$ cat final-v5.pdb   # PDB, C-alpha atoms
ATOM      1  CA  MET A1220      85.382 134.936  85.044
ATOM      2  CA  SER A1221      87.174 134.736  88.411
ATOM      3  CA  GLN A1222      90.907 134.148  88.525
ATOM      4  CA  SER A1223      92.293 130.786  89.533
ATOM      5  CA  ARG A1224      94.201 130.506  92.796
ATOM      6  CA  THR A1225      97.943 131.081  92.810
ATOM      7  CA  ASP A1226      99.992 128.003  93.610
ATOM      8  CA  LYS A1227     102.622 128.082  96.307
ATOM      9  CA  PRO A1228     105.342 125.558  97.116
ATOM     10  CA  PHE A1229     104.862 122.823  99.683
ATOM     11  CA  THR A1230     107.459 123.676 102.305
ATOM     12  CA  LEU A1231     108.219 122.050 105.653
ATOM     13  CA  ALA A1232     110.947 123.170 108.038
ATOM     14  CA  GLY A1233     112.544 125.291 105.331
ATOM     15  CA  ARG A1234     112.660 122.552 102.697
ATOM     16  CA  THR A1235     110.462 122.523  99.600
ATOM     17  CA  TYR A1236     108.996 119.300  98.208
ATOM     18  CA  GLN A1237     107.580 118.545  94.772
ATOM     19  CA  SER A1238     105.339 115.683  95.898
ATOM     20  CA  ARG A1239     102.385 116.424  98.159
ATOM     21  CA  LEU A1240     101.919 112.746  98.985
ATOM     22  CA  LEU A1241     103.493 111.426 102.188
ATOM     23  CA  VAL A1242     103.467 107.677 102.740
ATOM     24  CA  GLY A1243     103.985 105.225 105.567
ATOM     25  CA  THR A1244     106.028 102.054 105.650
ATOM     26  CA  GLY A1245     103.920  99.619 107.669
ATOM     27  CA  LYS A1246     101.648  96.713 106.716
ATOM     28  CA  TYR A1247     103.409  95.659 103.504
ATOM     29  CA  GLN A1248     104.214  92.023 102.763
ATOM     30  CA  ASP A1249     107.952  92.611 102.891
ATOM     31  CA  LEU A1250     110.616  95.268 102.455
ATOM     32  CA  ASP A1251     110.725  94.773  98.690
ATOM     33  CA  GLU A1252     107.019  95.574  98.333
ATOM     34  CA  THR A1253     107.560  98.551 100.622
ATOM     35  CA  ARG A1254     110.316  99.831  98.362
ATOM     36  CA  ARG A1255     108.353  99.331  95.129
ATOM     37  CA  ALA A1256     105.199 100.981  96.460
ATOM     38  CA  ILE A1257     107.053 104.006  97.782
ATOM     39  CA  GLU A1258     108.890 104.433  94.490
ATOM     40  CA  ALA A1259     105.591 104.223  92.569
ATOM     41  CA  SER A1260     103.995 106.829  94.845
ATOM     42  CA  GLY A1261     106.568 109.468  93.971
ATOM     43  CA  ALA A1262     106.638 110.453  97.633
ATOM     44  CA  GLU A1263     109.637 112.325  98.971
ATOM     45  CA  ILE A1264     108.674 112.136 102.661
ATOM     46  CA  VAL A1265     108.318 108.695 104.215
ATOM     47  CA  THR A1266     107.068 108.230 107.763
ATOM     48  CA  VAL A1267     108.429 105.501 110.010
ATOM     49  CA  ALA A1268     106.975 104.168 113.264
ATOM     50  CA  VAL A1269     110.061 104.186 115.486
ATOM     51  CA  ARG A1270     108.563 101.813 118.073
ATOM     52  CA  ARG A1271     107.578  99.208 115.452
ATOM     53  CA  THR A1272     110.282  99.470 112.801
ATOM     54  CA  ASN A1273     114.005  98.877 112.864
ATOM     55  CA  ILE A1274     115.909 101.956 111.709
ATOM     56  CA  GLY A1275     119.133 100.958 113.411
ATOM     57  CA  GLN A1276     118.155 100.256 117.000
ATOM     58  CA  ASN A1277     118.345  96.465 116.307
ATOM     59  CA  PRO A1278     121.641  95.917 114.441
ATOM     60  CA  ASP A1279     121.006  92.202 113.787
ATOM     61  CA  GLU A1280     117.638  92.735 112.017
ATOM     62  CA  PRO A1281     116.804  94.035 108.519
ATOM     63  CA  ASN A1282     116.996  97.820 108.499
ATOM     64  CA  LEU A1283     114.188  99.738 106.786
ATOM     65  CA  LEU A1284     116.643 102.462 105.832
ATOM     66  CA  ASP A1285     118.304 100.016 103.448
ATOM     67  CA  VAL A1286     115.254 100.269 101.142
ATOM     68  CA  ILE A1287     114.315 103.904 101.876
ATOM     69  CA  PRO A1288     117.744 105.529 102.147
ATOM     70  CA  PRO A1289     117.838 108.917 103.904
ATOM     71  CA  ASP A1290     119.908 110.395 101.076
ATOM     72  CA  ARG A1291     116.923 109.856  98.760
ATOM     73  CA  TYR A1292     113.949 110.378 101.076
ATOM     74  CA  THR A1293     113.141 112.641 103.989
ATOM     75  CA  ILE A1294     112.569 110.239 106.859
ATOM     76  CA  LEU A1295     109.704 111.321 109.111
ATOM     77  CA  PRO A1296     109.902 109.402 112.406
ATOM     78  CA  ASN A1297     106.524 109.071 114.085
ATOM     79  CA  THR A1298     105.352 108.146 117.563
ATOM     80  CA  ALA A1299     102.724 105.575 116.561
ATOM     81  CA  GLY A1300     101.919 103.289 119.468
ATOM     82  CA  CYS A1301     102.438 105.983 122.117
ATOM     83  CA  TYR A1302      99.585 106.611 124.570
ATOM     84  CA  ASP A1303     100.978 109.406 126.734
ATOM     85  CA  ALA A1304     103.093 112.496 126.290
ATOM     86  CA  ALA A1305     106.171 111.192 128.091
ATOM     87  CA  GLU A1306     106.324 108.096 125.892
ATOM     88  CA  ALA A1307     105.978 110.178 122.736
ATOM     89  CA  VAL A1308     108.733 112.576 123.791
ATOM     90  CA  ARG A1309     111.102 109.675 124.564
ATOM     91  CA  THR A1310     110.379 108.150 121.147
ATOM     92  CA  CYS A1311     111.175 111.394 119.313
ATOM     93  CA  ARG A1312     114.417 111.770 121.221
ATOM     94  CA  LEU A1313     115.370 108.187 120.333
ATOM     95  CA  ALA A1314     114.667 108.914 116.664
ATOM     96  CA  ARG A1315     116.841 112.031 116.812
ATOM     97  CA  GLU A1316     119.679 109.956 118.214
ATOM     98  CA  LEU A1317     119.296 107.167 115.632
ATOM     99  CA  LEU A1318     119.087 109.620 112.733
ATOM    100  CA  ASP A1319     122.051 111.795 113.648
ATOM    101  CA  GLY A1320     120.243 114.799 115.054
ATOM    102  CA  HIS A1321     117.192 114.682 112.754
ATOM    103  CA  LYS A1322     114.616 117.209 114.023
ATOM    104  CA  LEU A1323     111.556 116.646 111.814
ATOM    105  CA  VAL A1324     109.057 114.350 113.559
ATOM    106  CA  LYS A1325     105.417 113.374 113.349
ATOM    107  CA  LEU A1326     103.785 113.448 116.774
ATOM    108  CA  GLU A1327     100.820 111.233 117.474
ATOM    109  CA  VAL A1328      99.550 110.355 120.946
ATOM    110  CA  LEU A1329      96.681 107.891 120.857
ATOM    111  CA  ALA A1330      93.725 107.626 123.214
ATOM    112  CA  ASP A1331      92.930 103.904 122.953
ATOM    113  CA  GLN A1332      93.584 100.851 120.808
ATOM    114  CA  LYS A1333      90.000 100.511 119.575
ATOM    115  CA  THR A1334      89.686 103.874 117.833
ATOM    116  CA  LEU A1335      93.316 105.071 117.626
ATOM    117  CA  PHE A1336      91.771 108.506 118.062
ATOM    118  CA  PRO A1337      94.231 111.201 119.153
ATOM    119  CA  ASN A1338      94.403 112.045 122.837
ATOM    120  CA  VAL A1339      94.481 115.787 122.380
ATOM    121  CA  ILE A1340      95.366 116.566 125.999
ATOM    122  CA  GLU A1341      98.480 114.398 125.898
ATOM    123  CA  THR A1342      99.221 115.605 122.362
ATOM    124  CA  LEU A1343      99.278 119.229 123.539
ATOM    125  CA  LYS A1344     101.592 118.320 126.422
ATOM    126  CA  ALA A1345     104.016 116.454 124.165
ATOM    127  CA  ALA A1346     103.961 119.149 121.481
ATOM    128  CA  GLU A1347     104.901 121.836 123.978
ATOM    129  CA  VAL A1348     107.900 119.828 125.229
ATOM    130  CA  LEU A1349     109.105 118.857 121.747
ATOM    131  CA  VAL A1350     108.853 122.376 120.319
ATOM    132  CA  LYS A1351     110.862 123.732 123.255
ATOM    133  CA  ASP A1352     113.384 120.931 122.701
ATOM    134  CA  GLY A1353     114.032 122.133 119.154
ATOM    135  CA  PHE A1354     112.007 119.600 117.161
ATOM    136  CA  ASP A1355     110.095 120.494 114.000
ATOM    137  CA  VAL A1356     106.767 118.963 114.954
ATOM    138  CA  MET A1357     104.111 117.797 112.529
ATOM    139  CA  VAL A1358     101.168 116.744 114.652
ATOM    140  CA  TYR A1359      98.345 114.232 114.186
ATOM    141  CA  THR A1360      95.196 115.616 115.765
ATOM    142  CA  SER A1361      91.426 115.512 115.772
ATOM    143  CA  ASP A1362      89.399 117.596 113.329
ATOM    144  CA  ASP A1363      88.676 120.123 116.089
ATOM    145  CA  PRO A1364      89.526 123.586 114.694
ATOM    146  CA  ILE A1365      90.298 124.974 118.165
ATOM    147  CA  ILE A1366      92.858 122.278 118.956
ATOM    148  CA  ALA A1367      94.409 122.670 115.506
ATOM    149  CA  ARG A1368      94.748 126.410 116.101
ATOM    150  CA  GLN A1369      96.342 125.883 119.522
ATOM    151  CA  LEU A1370      98.879 123.413 118.151
ATOM    152  CA  ALA A1371      99.890 125.866 115.437
ATOM    153  CA  GLU A1372     100.159 128.726 117.935
ATOM    154  CA  MET A1373     102.328 126.490 120.124
ATOM    155  CA  GLY A1374     104.874 126.228 117.324
ATOM    156  CA  CYS A1375     104.024 123.017 115.455
ATOM    157  CA  ILE A1376     105.098 123.400 111.826
ATOM    158  CA  ALA A1377     102.093 121.481 110.420
ATOM    159  CA  VAL A1378      98.778 120.189 111.731
ATOM    160  CA  MET A1379      97.465 116.855 110.504
ATOM    161  CA  PRO A1380      93.771 116.360 111.273
ATOM    162  CA  LEU A1381      92.297 112.946 110.648
ATOM    163  CA  ALA A1382      89.841 112.459 107.807
ATOM    164  CA  GLY A1383      88.601 109.238 109.386
ATOM    165  CA  LEU A1384      89.896 106.776 111.945
ATOM    166  CA  ILE A1385      93.300 105.241 111.210
ATOM    167  CA  GLY A1386      93.106 102.237 108.908
ATOM    168  CA  THR A1387      89.346 102.442 108.259
ATOM    169  CA  GLY A1388      89.408 103.738 104.690
ATOM    170  CA  LEU A1389      86.191 105.660 105.362
ATOM    171  CA  GLY A1390      87.382 108.754 103.549
ATOM    172  CA  ILE A1391      86.735 112.308 104.712
ATOM    173  CA  CYS A1392      84.011 111.977 107.324
ATOM    174  CA  ASN A1393      83.734 115.653 108.272
ATOM    175  CA  PRO A1394      84.760 117.986 105.439
ATOM    176  CA  TYR A1395      83.121 120.943 107.183
ATOM    177  CA  ASN A1396      85.496 120.931 110.149
ATOM    178  CA  LEU A1397      88.407 120.536 107.762
ATOM    179  CA  ARG A1398      87.249 123.599 105.865
ATOM    180  CA  ILE A1399      87.247 125.641 109.089
ATOM    181  CA  ILE A1400      90.755 124.412 109.960
ATOM    182  CA  LEU A1401      91.941 125.321 106.471
ATOM    183  CA  GLU A1402      90.388 128.790 106.607
ATOM    184  CA  GLU A1403      92.198 129.579 109.860
ATOM    185  CA  ALA A1404      95.466 127.831 109.092
ATOM    186  CA  LYS A1405      98.745 129.685 109.593
ATOM    187  CA  VAL A1406     100.762 126.487 108.975
ATOM    188  CA  PRO A1407     100.376 123.681 106.405
ATOM    189  CA  VAL A1408      97.368 121.406 106.929
ATOM    190  CA  LEU A1409      97.740 117.773 105.866
ATOM    191  CA  VAL A1410      95.011 115.156 105.998
ATOM    192  CA  ASP A1411      96.257 112.198 108.011
ATOM    193  CA  ALA A1412      94.331 108.917 108.400
ATOM    194  CA  GLY A1413      91.102 107.620 106.906
ATOM    195  CA  VAL A1414      91.900 107.804 103.198
ATOM    196  CA  GLY A1415      90.761 104.636 101.427
ATOM    197  CA  THR A1416      91.122 105.240  97.720
ATOM    198  CA  ALA A1417      92.264 107.788  95.162
ATOM    199  CA  SER A1418      89.061 109.833  95.184
ATOM    200  CA  ASP A1419      89.436 110.435  98.944
ATOM    201  CA  ALA A1420      92.903 111.868  98.387
ATOM    202  CA  THR A1421      91.611 114.058  95.563
ATOM    203  CA  ILE A1422      88.800 115.446  97.735
ATOM    204  CA  ALA A1423      91.281 116.317 100.487
ATOM    205  CA  MET A1424      93.386 118.235  98.007
ATOM    206  CA  GLU A1425      90.359 119.930  96.441
ATOM    207  CA  LEU A1426      89.451 121.256  99.902
ATOM    208  CA  GLY A1427      92.813 123.023  99.961
ATOM    209  CA  CYS A1428      95.002 120.717 102.029
ATOM    210  CA  GLU A1429      98.719 121.156 101.432
ATOM    211  CA  ALA A1430      99.292 117.399 101.293
ATOM    212  CA  VAL A1431      97.976 113.995 102.360
ATOM    213  CA  LEU A1432      99.651 111.292 104.425
ATOM    214  CA  MET A1433      98.543 107.676 104.050
ATOM    215  CA  ASN A1434      99.640 104.113 104.650
ATOM    216  CA  SER A1435      96.778 101.593 104.848
ATOM    217  CA  ALA A1436      95.086 102.803 101.666
ATOM    218  CA  ILE A1437      98.164 101.737  99.727
ATOM    219  CA  ALA A1438      99.472  98.817 101.765
ATOM    220  CA  HIS A1439      96.058  97.115 102.102
ATOM    221  CA  ALA A1440      95.097  97.513  98.432
ATOM    222  CA  GLN A1441      94.949  94.325  96.392
ATOM    223  CA  ASN A1442      97.803  95.747  94.312
ATOM    224  CA  PRO A1443      99.723  98.153  96.563
ATOM    225  CA  VAL A1444     102.186  99.283  93.910
ATOM    226  CA  LEU A1445      99.431 100.169  91.453
ATOM    227  CA  MET A1446      97.438 101.934  94.175
ATOM    228  CA  ALA A1447     100.528 103.936  95.115
ATOM    229  CA  GLU A1448     100.757 105.206  91.557
ATOM    230  CA  ALA A1449      97.027 105.973  91.545
ATOM    231  CA  MET A1450      97.460 108.040  94.694
ATOM    232  CA  LYS A1451     100.297 109.985  93.086
ATOM    233  CA  HIS A1452      97.996 111.057  90.247
ATOM    234  CA  ALA A1453      95.052 111.674  92.593
ATOM    235  CA  ILE A1454      97.067 114.150  94.644
ATOM    236  CA  VAL A1455      98.169 116.032  91.525
ATOM    237  CA  ALA A1456      94.629 116.110  90.103
ATOM    238  CA  GLY A1457      93.154 117.322  93.386
ATOM    239  CA  ARG A1458      95.694 120.102  93.715
ATOM    240  CA  MET A1459      95.108 121.245  90.140
ATOM    241  CA  ALA A1460      91.336 121.249  90.652
ATOM    242  CA  TYR A1461      91.742 123.297  93.833
ATOM    243  CA  LEU A1462      93.894 125.829  92.029
ATOM    244  CA  ALA A1463      91.521 125.979  89.055
ATOM    245  CA  GLY A1464      88.419 126.501  91.218
ATOM    246  CA  ARG A1465      85.398 124.343  90.594
ATOM    247  CA  MET A1466      82.224 125.572  88.915
ATOM    248  CA  PRO A1467      79.374 126.599  91.231
ATOM    249  CA  LYS A1468      76.751 123.989  92.015
ATOM    250  CA  LYS A1469      73.265 124.701  90.647
ATOM    251  CA  LEU A1470      69.878 123.204  91.311
ATOM    252  CA  TYR A1471      68.725 123.321  87.693
ATOM    253  CA  ALA A1472      70.292 122.557  84.328
ATOM    254  CA  SER A1473      72.218 125.117  82.326
ATOM    255  CA  ALA A1474      72.905 124.583  78.603
ATOM    256  CA  SER A1475      76.565 124.136  77.742
ATOM    257  CA  SER A1476      76.249 126.024  74.466
ATOM    258  CA  PRO A1477      74.427 129.334  73.817
ATOM    259  CA  LEU A1478      70.742 129.286  72.863
ATOM    260  CA  ASP A1479      70.976 132.300  70.537
ATOM    261  CA  GLY A1480      71.348 131.606  66.822
ATOM    262  CA  LEU A1481      70.023 128.045  66.890
ATOM    263  CA  ILE A1482      69.578 126.458  63.443
ATOM    264  CA  LYS A1483      65.885 126.100  62.721
TER     265      LYS A1483
END

$ encode --input "final-v5.pdb" --output "structure tokens"
Amino acid sequence: MSQSRTDKPFTLAGRTYQSRLLVGTGKYQDLDETRRAIEASGAEIVTVAVRRTNIGQNPDEPNLLDVIPPDRYTILPNTAGCYDAAEAVRTCRLARELLDGHKLVKLEVLADQKTLFPNVIETLKAAEVLVKDGFDVMVYTSDDPIIARQLAEMGCIAVMPLAGLIGTGLGICNPYNLRIILEEAKVPVLVDAGVGTASDATIAMELGCEAVLMNSAIAHAQNPVLMAEAMKHAIVAGRMAYLAGRMPKKLYASASSPLDGLIK
């Protein structure tokens, strides 16, 4: 019997995390639901859309950091809503200023509002600037293995290919490209976007992804807090299954117990 895979810690920018589930903060009914869902998820890294969420830039409005305090969670500012490299770079620099020199960011540069597909040309431009500027860049990208490789070679600390379009809940639409990305990966690979339910998260982990980032799958569930807890268990189950190694698929049946010595 073949040996199971050896586990390794999930590490980003020199810090190790126990949870392999990263969650967003948008689309909840209110800040209290946001807080309860994030707590139920067990996530340690929480991503925040700097252009859409108040993390201190509007002193007279409710501050998201009051319910997800930075001393408890790693805040991952993201550039959601940016459509060119210059805009994304400005947003990351604003986040660094608001968060007292925080360097860990999630870069996403979108192509259009209909698909929210990544604009890989602008993403590459922004990534190059941000890496040179000292940021630890986690980058949302297409499921193109060549682009993923280039982003890693450029110095991004993690690549985050989409499983499906943002907010669609379609699940993993192209597992074959993800497998190629994972085979070549020199940095952590996280599925970002497209997850709809717990089984999608499990499949991503079974493929060998280091972690999964999601928002809509939790926030748009009929019971977001319960779905957050389901996702926590799905990530753990998927990772364990990946480490254990699944049985080979067969075309025909194979008896579970031996045929020799049957009682007659």

$ closest_residue --input "final-v5.pdb" --among "A:Ile1437, A:Leu1462, A:Met1450, A:Ala1382" --to "A:Glu1252" --atoms "all atoms listed in the file"
A:Ile1437

$ closest_residue --input "final-v5.pdb" --among "A:Glu1316, A:Glu1372, A:Glu1263, A:Asp1362" --to "A:Asp1290" --atoms "only C-alpha atoms"
A:Glu1263

$ residues_around --input "final-v5.pdb" --residues "A:Asn1338" --least-positions-apart "5" --cutoff "10 Å" --atoms "all atoms listed in the file" --output "VMD selection string"
chain A and resid 1302 to 1304 1327 to 1331 1343 1359 to 1361

$ atom_distance --input "final-v5.pdb" --atom1 "atom CA of A:Phe1336" --atom2 "atom CA of A:Gly1383"
9.3 Å

$ residues_around --input "final-v5.pdb" --residues "stretch 1426-1434 of chain A" --least-positions-apart "4" --cutoff "8 Å" --atoms "all atoms listed in the file" --output "number ranges by chain"
A: 1229, 1239-1246, 1394, 1397-1398, 1401, 1407-1414, 1420, 1422, 1438, 1454, 1458, 1461

$ closest_residue --input "final-v5.pdb" --among "A:Leu1295, A:Leu1381, A:Met1373, A:Met1446" --to "A:Ser1260" --atoms "all atoms listed in the file"
A:Met1446

$ resolve_selection --input "final-v5.pdb" --expression "the PyMOL selection byres ((chain A and resi 1356) around 6)" --output "PyMOL selection string"
chain A and resi 1324-1325+1354-1355+1357+1375-1376

$ residues_around --input "final-v5.pdb" --residues "A:Glu1403" --least-positions-apart "5" --cutoff "10 Å" --atoms "all atoms listed in the file" --output "mmCIF file with C-alpha atoms, in the coordinates of the input"
data_model
loop_
_atom_site.group_PDB
_atom_site.id
_atom_site.type_symbol
_atom_site.label_atom_id
_atom_site.label_comp_id
_atom_site.auth_asym_id
_atom_site.auth_seq_id
_atom_site.Cartn_x
_atom_site.Cartn_y
_atom_site.Cartn_z
ATOM 1 C CA PRO A 1364 89.526 123.586 114.694
ATOM 2 C CA ILE A 1365 90.298 124.974 118.165
ATOM 3 C CA ALA A 1367 94.409 122.670 115.506
ATOM 4 C CA ARG A 1368 94.748 126.410 116.101
ATOM 5 C CA ARG A 1398 87.249 123.599 105.865
#

$ resolve_selection --input "final-v5.pdb" --expression "the PyMOL selection byres ((chain A and resi 1344) around 10)" --output "list of chain:residue names"
A:Asp1303, A:Ala1304, A:Ala1305, A:Ala1307, A:Val1308, A:Val1328, A:Val1339, A:Ile1340, A:Glu1341, A:Thr1342, A:Leu1343, A:Ala1345, A:Ala1346, A:Glu1347, A:Val1348, A:Leu1349

$ atom_distance --input "final-v5.pdb" --atom1 "atom CA of A:Pro1289" --atom2 "atom CA of A:Arg1309"
21.7 Å

$ atom_distance --input "final-v5.pdb" --atom1 "atom CA of A:Arg1271" --atom2 "atom CA of A:Val1406"
28.9 Å

$ residues_around --input "final-v5.pdb" --residues "A:Gly1464" --least-positions-apart "3" --cutoff "8 Å" --atoms "only C-alpha atoms" --output "ChimeraX atom specification"
/A:1223-1224,1460-1461

$ residues_around --input "final-v5.pdb" --residues "A:Ala1456" --least-positions-apart "4" --cutoff "9 Å" --atoms "all atoms listed in the file" --output "PDB file with C-alpha atoms, in the frame of the given file"
ATOM      1  CA  THR A1421      91.611 114.058  95.563  1.00  0.00           C
ATOM      2  CA  MET A1424      93.386 118.235  98.007  1.00  0.00           C
ATOM      3  CA  GLU A1425      90.359 119.930  96.441  1.00  0.00           C
ATOM      4  CA  LYS A1451     100.297 109.985  93.086  1.00  0.00           C
ATOM      5  CA  HIS A1452      97.996 111.057  90.247  1.00  0.00           C
ATOM      6  CA  ALA A1460      91.336 121.249  90.652  1.00  0.00           C
ATOM      7  CA  TYR A1461      91.742 123.297  93.833  1.00  0.00           C
TER       8      TYR A1461
END

$ closest_residue --input "final-v5.pdb" --among "A:Ala1262, A:Val1455, A:Ala1232, A:Val1286" --to "A:Asp1249" --atoms "only C-alpha atoms"
A:Val1286

$ closest_residue --input "final-v5.pdb" --among "A:Ile1287, A:Gly1233, A:Tyr1247, A:Ile1399" --to "A:Ala1440" --atoms "all atoms listed in the file"
A:Tyr1247

$ closest_residue --input "final-v5.pdb" --among "A:Pro1228, A:Gly1374, A:Pro1380, A:Pro1296" --to "A:Leu1313" --atoms "all atoms listed in the file"
A:Pro1296

$ resolve_selection --input "final-v5.pdb" --expression "the PyMOL selection byres ((chain A and resi 1318) around 12)" --output "VMD selection string"
chain A and resid 1267 1269 1273 to 1276 1284 1288 to 1290 1293 to 1296 1311 to 1317 1319 to 1324

$ write_last_selection --input "final-v5.pdb" --atoms "C-alpha atoms" --output "PDB file, keeping the file's coordinate frame"
ATOM      1  CA  VAL A1267     108.429 105.501 110.010  1.00  0.00           C
ATOM      2  CA  VAL A1269     110.061 104.186 115.486  1.00  0.00           C
ATOM      3  CA  ASN A1273     114.005  98.877 112.864  1.00  0.00           C
ATOM      4  CA  ILE A1274     115.909 101.956 111.709  1.00  0.00           C
ATOM      5  CA  GLY A1275     119.133 100.958 113.411  1.00  0.00           C
ATOM      6  CA  GLN A1276     118.155 100.256 117.000  1.00  0.00           C
ATOM      7  CA  LEU A1284     116.643 102.462 105.832  1.00  0.00           C
ATOM      8  CA  PRO A1288     117.744 105.529 102.147  1.00  0.00           C
ATOM      9  CA  PRO A1289     117.838 108.917 103.904  1.00  0.00           C
ATOM     10  CA  ASP A1290     119.908 110.395 101.076  1.00  0.00           C
ATOM     11  CA  THR A1293     113.141 112.641 103.989  1.00  0.00           C
ATOM     12  CA  ILE A1294     112.569 110.239 106.859  1.00  0.00           C
ATOM     13  CA  LEU A1295     109.704 111.321 109.111  1.00  0.00           C
ATOM     14  CA  PRO A1296     109.902 109.402 112.406  1.00  0.00           C
ATOM     15  CA  CYS A1311     111.175 111.394 119.313  1.00  0.00           C
ATOM     16  CA  ARG A1312     114.417 111.770 121.221  1.00  0.00           C
ATOM     17  CA  LEU A1313     115.370 108.187 120.333  1.00  0.00           C
ATOM     18  CA  ALA A1314     114.667 108.914 116.664  1.00  0.00           C
ATOM     19  CA  ARG A1315     116.841 112.031 116.812  1.00  0.00           C
ATOM     20  CA  GLU A1316     119.679 109.956 118.214  1.00  0.00           C
ATOM     21  CA  LEU A1317     119.296 107.167 115.632  1.00  0.00           C
ATOM     22  CA  ASP A1319     122.051 111.795 113.648  1.00  0.00           C
ATOM     23  CA  GLY A1320     120.243 114.799 115.054  1.00  0.00           C
ATOM     24  CA  HIS A1321     117.192 114.682 112.754  1.00  0.00           C
ATOM     25  CA  LYS A1322     114.616 117.209 114.023  1.00  0.00           C
ATOM     26  CA  LEU A1323     111.556 116.646 111.814  1.00  0.00           C
ATOM     27  CA  VAL A1324     109.057 114.350 113.559  1.00  0.00           C
TER      28      VAL A1324
END

$ decode --input "final-v5.pdb" --residues "stretch 1305-1363 of chain A" --atoms "C-alpha atoms" --output "PDB file, in the first residue's frame"
ATOM      1  CA  ALA A1305      -2.393  52.126 -11.234  1.00  0.00           C
ATOM      2  CA  GLU A1306      -5.671  52.045  -9.313  1.00  0.00           C
ATOM      3  CA  ALA A1307      -4.757  48.749  -7.663  1.00  0.00           C
ATOM      4  CA  VAL A1308      -1.329  50.011  -6.612  1.00  0.00           C
ATOM      5  CA  ARG A1309      -2.846  53.174  -5.089  1.00  0.00           C
ATOM      6  CA  THR A1310      -5.359  51.060  -3.157  1.00  0.00           C
ATOM      7  CA  CYS A1311      -2.645  48.826  -1.685  1.00  0.00           C
ATOM      8  CA  ARG A1312      -0.621  51.843  -0.637  1.00  0.00           C
ATOM      9  CA  LEU A1313      -3.700  53.342   1.039  1.00  0.00           C
ATOM     10  CA  ALA A1314      -4.260  50.079   2.918  1.00  0.00           C
ATOM     11  CA  ARG A1315      -0.638  50.065   4.077  1.00  0.00           C
ATOM     12  CA  GLU A1316      -1.083  53.571   5.432  1.00  0.00           C
ATOM     13  CA  LEU A1317      -4.383  52.783   7.186  1.00  0.00           C
ATOM     14  CA  LEU A1318      -3.021  49.583   8.724  1.00  0.00           C
ATOM     15  CA  ASP A1319       0.249  50.964  10.045  1.00  0.00           C
ATOM     16  CA  GLY A1320       2.630  49.587   7.456  1.00  0.00           C
ATOM     17  CA  HIS A1321       0.807  46.296   6.783  1.00  0.00           C
ATOM     18  CA  LYS A1322       2.443  44.592   3.776  1.00  0.00           C
ATOM     19  CA  LEU A1323       0.242  41.553   3.082  1.00  0.00           C
ATOM     20  CA  VAL A1324      -2.276  42.334   0.323  1.00  0.00           C
ATOM     21  CA  LYS A1325      -4.543  40.528  -2.096  1.00  0.00           C
ATOM     22  CA  LEU A1326      -4.190  41.931  -5.603  1.00  0.00           C
ATOM     23  CA  GLU A1327      -7.078  41.685  -8.008  1.00  0.00           C
ATOM     24  CA  VAL A1328      -7.430  43.746 -11.182  1.00  0.00           C
ATOM     25  CA  LEU A1329     -10.710  43.117 -12.959  1.00  0.00           C
ATOM     26  CA  ALA A1330     -11.424  43.170 -16.681  1.00  0.00           C
ATOM     27  CA  ASP A1331     -15.108  44.162 -16.690  1.00  0.00           C
ATOM     28  CA  GLN A1332     -18.149  44.387 -14.442  1.00  0.00           C
ATOM     29  CA  LYS A1333     -20.092  41.626 -16.200  1.00  0.00           C
ATOM     30  CA  THR A1334     -17.656  38.768 -15.615  1.00  0.00           C
ATOM     31  CA  LEU A1335     -15.304  40.183 -12.946  1.00  0.00           C
ATOM     32  CA  PHE A1336     -12.693  38.096 -14.736  1.00  0.00           C
ATOM     33  CA  PRO A1337      -9.097  39.083 -13.957  1.00  0.00           C
ATOM     34  CA  ASN A1338      -7.326  41.365 -16.400  1.00  0.00           C
ATOM     35  CA  VAL A1339      -4.074  39.456 -16.435  1.00  0.00           C
ATOM     36  CA  ILE A1340      -2.115  42.129 -18.305  1.00  0.00           C
ATOM     37  CA  GLU A1341      -2.931  44.793 -15.727  1.00  0.00           C
ATOM     38  CA  THR A1342      -2.497  42.242 -12.934  1.00  0.00           C
ATOM     39  CA  LEU A1343       1.066  41.504 -14.070  1.00  0.00           C
ATOM     40  CA  LYS A1344       1.853  45.225 -14.221  1.00  0.00           C
ATOM     41  CA  ALA A1345       0.495  45.868 -10.728  1.00  0.00           C
ATOM     42  CA  ALA A1346       2.185  42.798  -9.249  1.00  0.00           C
ATOM     43  CA  GLU A1347       5.577  43.892 -10.529  1.00  0.00           C
ATOM     44  CA  VAL A1348       5.213  47.356  -8.962  1.00  0.00           C
ATOM     45  CA  LEU A1349       3.887  46.061  -5.632  1.00  0.00           C
ATOM     46  CA  VAL A1350       6.567  43.387  -5.230  1.00  0.00           C
ATOM     47  CA  LYS A1351       9.278  45.980  -5.881  1.00  0.00           C
ATOM     48  CA  ASP A1352       7.562  48.268  -3.364  1.00  0.00           C
ATOM     49  CA  GLY A1353       7.954  45.657  -0.631  1.00  0.00           C
ATOM     50  CA  PHE A1354       4.431  44.224  -0.501  1.00  0.00           C
ATOM     51  CA  ASP A1355       3.706  40.546   0.132  1.00  0.00           C
ATOM     52  CA  VAL A1356       1.361  39.968  -2.783  1.00  0.00           C
ATOM     53  CA  MET A1357      -1.286  37.276  -2.970  1.00  0.00           C
ATOM     54  CA  VAL A1358      -2.760  37.518  -6.441  1.00  0.00           C
ATOM     55  CA  TYR A1359      -6.163  36.676  -7.925  1.00  0.00           C
ATOM     56  CA  THR A1360      -5.678  35.359 -11.440  1.00  0.00           C
ATOM     57  CA  SER A1361      -7.157  33.247 -14.193  1.00  0.00           C
ATOM     58  CA  ASP A1362      -6.676  29.481 -14.254  1.00  0.00           C
ATOM     59  CA  ASP A1363      -3.971  29.873 -16.910  1.00  0.00           C
TER      60      ASP A1363
END
